[in-house]
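Peer 1: Here you go, one structure.
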Amino acid sequence: MLTAKNIHKSFGELEVLKGIDLQVEPQEVVVLVGVSGSGKSTLLRCFNFLEMINSGEIIIDGKQINGKKDNLNKIRAEVGMVFQHFNLFPHKTVLENIIEAPIQVKKKKKADAIKHAKQLLEKVGLSDKADVYPSKLSGGQKQRVAIARSLAMEPKVMLFDEPTSALDPELVSEVLAVMKQLAEEGMTMVVVTHEMRFAKEVADRIIMLDEGRIIESADPKTFFENPSHDRTRQFIQLVE
Amino acid sequence: MPEILVTLYEVLKRTYPGFLDAVVITLQLTAVGVVLGCLLGLFFALLKLSKSKPLQWIANIYITVIRGTPLIVQITFLYFGIVEFVTLSNFWAGAIALGVHNGAYIAEIFRGAIQGIDKGQSEASSSLGMSKTQTMKRIVFPQALKRSIPPLGNQFIIALKDSSLVYVIGVAELFSIANREAAQSFQPFETYLVVGLYYLVLVMIFSFLLRLYENKLDVDKD
């Protein structure tokens, strides 16, 4: 579904990704972990071309993407992204946030877009919030709207960039519940998170990044109980 | 009643038909200046924010030259200075000068407001597959415009008062009429007080409308 081959990415002198190889299978849930600065968010942002890679290949759904030549908007429409700080459009209501891209990008009819948006709002448990502005929502509600907004484009894969890191502790679980439900429905997901319980329960595979390299890639049981790398062991102690 | 108030009232009463006509012309000048200023401002703000260096230079040259020279010079230049190439009526020379002048300030207002919108907004929009144009038009600009309203309102007030400089090319706006009236009536003290009052009232009405509009925006969204 999503393949990265030997990805290198630098910001000026600083090399953030030093040759990443990663293959995500359809319906797989991959959790990326690592200390801050390890490059996990950058890697995620490379997958929908918010950051352009310096070298390497990104293959999405069997198609190799050339960042310069291809229509990135079309590719991004198929790769959903959920941000740490939600990034809802504050000048639009919840419903307008969700129908914006389907109407503008997919040229959906407004009535169809609204119908789909209402189904998605029901799915994330916010049917009653369709007509309010984002400023009236809690952080957890905002993030659930952001997930619904992303799903409205019917993406083939969803990227989550620390979706619960900006939330008050008591609001984390409602967002994780929605993500878990998505995983159970077979959505392909790549998740950067510090929520180790989510990783344990939901991930098919956990990948540990360290200084721009993948140092560990294992199923959750192996990852937590028998990691192969010292740095992974230290990291697990740190977060648990 | 003190004598001064009586004379003021008499001057006000005698001059209001002429002044009211002049108010209309002042408002027309201001309206053209502000609308043209907003269009130019938006255009040059986008040039300045573009990735192309030459386009940025063009915007910088415009802003530097216009902000660096007096409005009264710009007005006379447009009316007397380029008469060999283009002939403009004095109203249009004045209105265009006001527009070009305000455009330079409004460009900076728009640029600041657009740059002040969180980068996450355009990232979210791009991540949904929206093009750069769609992102600017539907996500960034509406938010930037809302933030521009207080400084824009301020700029509109300045434009309204600056329109008085157009007297120099003989447009029959408020200040021209005041000059004529003061000279004819030998009552400069009362006449200039009265014309000041006209400007003050216009600005106060405008500020009031602006405040209503700002409140309405806040009630809607927050």
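Chain lettering (A, B, ...) mirrors the order of the structure tokens, residue numbering begins at 1 for each chain separately, and ligand numbering begins at 1 in order of display.
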Between chain B and chain A, at 8 Å or less, what are the per-residue closest atom pairs and their distances in Å? Count only C-alpha atoms, order by chain and rising residue number, and return it as a tab-separated table.

Peer 2:
```
residue	atom	partner	partner_atom	distance
B:Gly120	CA	A:Asn87	CA	5.6
B:Gln121	CA	A:Asn87	CA	5.6
B:Glu123	CA	A:Leu50	CA	7.0
B:Ala124	CA	A:Asn87	CA	6.1
B:Ser125	CA	A:Ala101	CA	7.9
B:Ser126	CA	A:Asn73	CA	6.8
B:Ser127	CA	A:Arg76	CA	5.3
B:Leu128	CA	A:Ala77	CA	5.1
B:Gly129	CA	A:Ala77	CA	4.1
B:Met130	CA	A:Val105	CA	6.0
B:Ser131	CA	A:Asn73	CA	6.1
B:Gln134	CA	A:Gln104	CA	7.8
B:Ile139	CA	A:Phe89	CA	7.0
B:Pro142	CA	A:His91	CA	7.6
B:Gln143	CA	A:His91	CA	6.6
B:Lys221	CA	A:Tyr133	CA	6.3
B:Asp222	CA	A:Ser135	CA	6.0
```

Peer 1: Give me the residues near Arg231 in chain A as a ChimeraX atom specification, where near means some atom within 10 Å (using only C-alpha atoms) and where sequence neighbours in that chain fewer than 2 positions away do not count.

Peer 2: /A:34-35,208-210,215-216,227-229,233-237

Peer 1: Please identify the alpha helix (DSSP H) residues within range 152-193 of chain A (assignment by DSSP from backbone atoms) and present them as an NGL selection string.

Peer 2: :A and (172-184)

Peer 1: I need the residue nearest Ile61 in chain B from this list: B:Leu20, B:Ala104, B:Ile177, B:Leu98. Use only C-alpha atoms for the distance.

Peer 2: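 Checking each candidate against Ile61 in chain B, we get B:Ala104 as the closest.
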
Peer 1: Using only C-alpha atoms, determine which residues lie at most 10 Å from Ala177 in chain A, disregarding the query and same-chain residues fewer than 4 positions distant; provide the list as an mmCIF file with N, CA and C atoms, in the first residue's frame.

Peer 2:
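Result file follows (around.cif):
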```cif
data_model
loop_
_atom_site.group_PDB
_atom_site.id
_atom_site.type_symbol
_atom_site.label_atom_id
_atom_site.label_comp_id
_atom_site.auth_asym_id
_atom_site.auth_seq_id
_atom_site.Cartn_x
_atom_site.Cartn_y
_atom_site.Cartn_z
ATOM 1 N N VAL A 124 -17.927 9.226 14.478
ATOM 2 C CA VAL A 124 -17.012 9.732 15.510
ATOM 3 C C VAL A 124 -17.768 10.290 16.714
ATOM 4 N N ARG A 144 -11.556 14.504 16.710
ATOM 5 C CA ARG A 144 -12.482 13.559 16.076
ATOM 6 C C ARG A 144 -13.075 14.162 14.806
ATOM 7 N N VAL A 172 -7.901 11.886 25.813
ATOM 8 C CA VAL A 172 -7.115 11.047 24.898
ATOM 9 C C VAL A 172 -7.903 9.824 24.449
ATOM 10 N N SER A 173 -8.617 9.210 25.403
ATOM 11 C CA SER A 173 -9.216 7.908 25.103
ATOM 12 C C SER A 173 -10.302 8.000 24.032
ATOM 13 N N GLN A 181 -11.345 1.876 16.249
ATOM 14 C CA GLN A 181 -12.477 1.457 15.420
ATOM 15 C C GLN A 181 -12.089 1.449 13.936
ATOM 16 N N LEU A 182 -11.360 2.499 13.521
ATOM 17 C CA LEU A 182 -10.889 2.578 12.128
ATOM 18 C C LEU A 182 -9.998 1.394 11.787
ATOM 19 N N ALA A 183 -9.095 1.083 12.718
ATOM 20 C CA ALA A 183 -8.179 -0.036 12.497
ATOM 21 C C ALA A 183 -8.956 -1.335 12.347
ATOM 22 N N PHE A 198 -1.998 2.088 23.198
ATOM 23 C CA PHE A 198 -2.588 2.009 21.872
ATOM 24 C C PHE A 198 -1.708 1.141 20.971
#
```

Peer 1: What lies within 8 Å of Ser217 in chain A using only C-alpha atoms, ignoring chain neighbours under 4 positions off, as a list in words?

Peer 2: Arg205, Ile206, Ile207, Met208 and Phe223 of chain A

Peer 1: Out of B:Gly94, B:Gly196, B:Gly112, B:Gly170, which residue has the shortest atom-to-atom distance to Ala144 in chain B when counting only C-alpha atoms?

Peer 2: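 Using only C-alpha atoms, Ala144 in chain B sits closest to B:Gly112.
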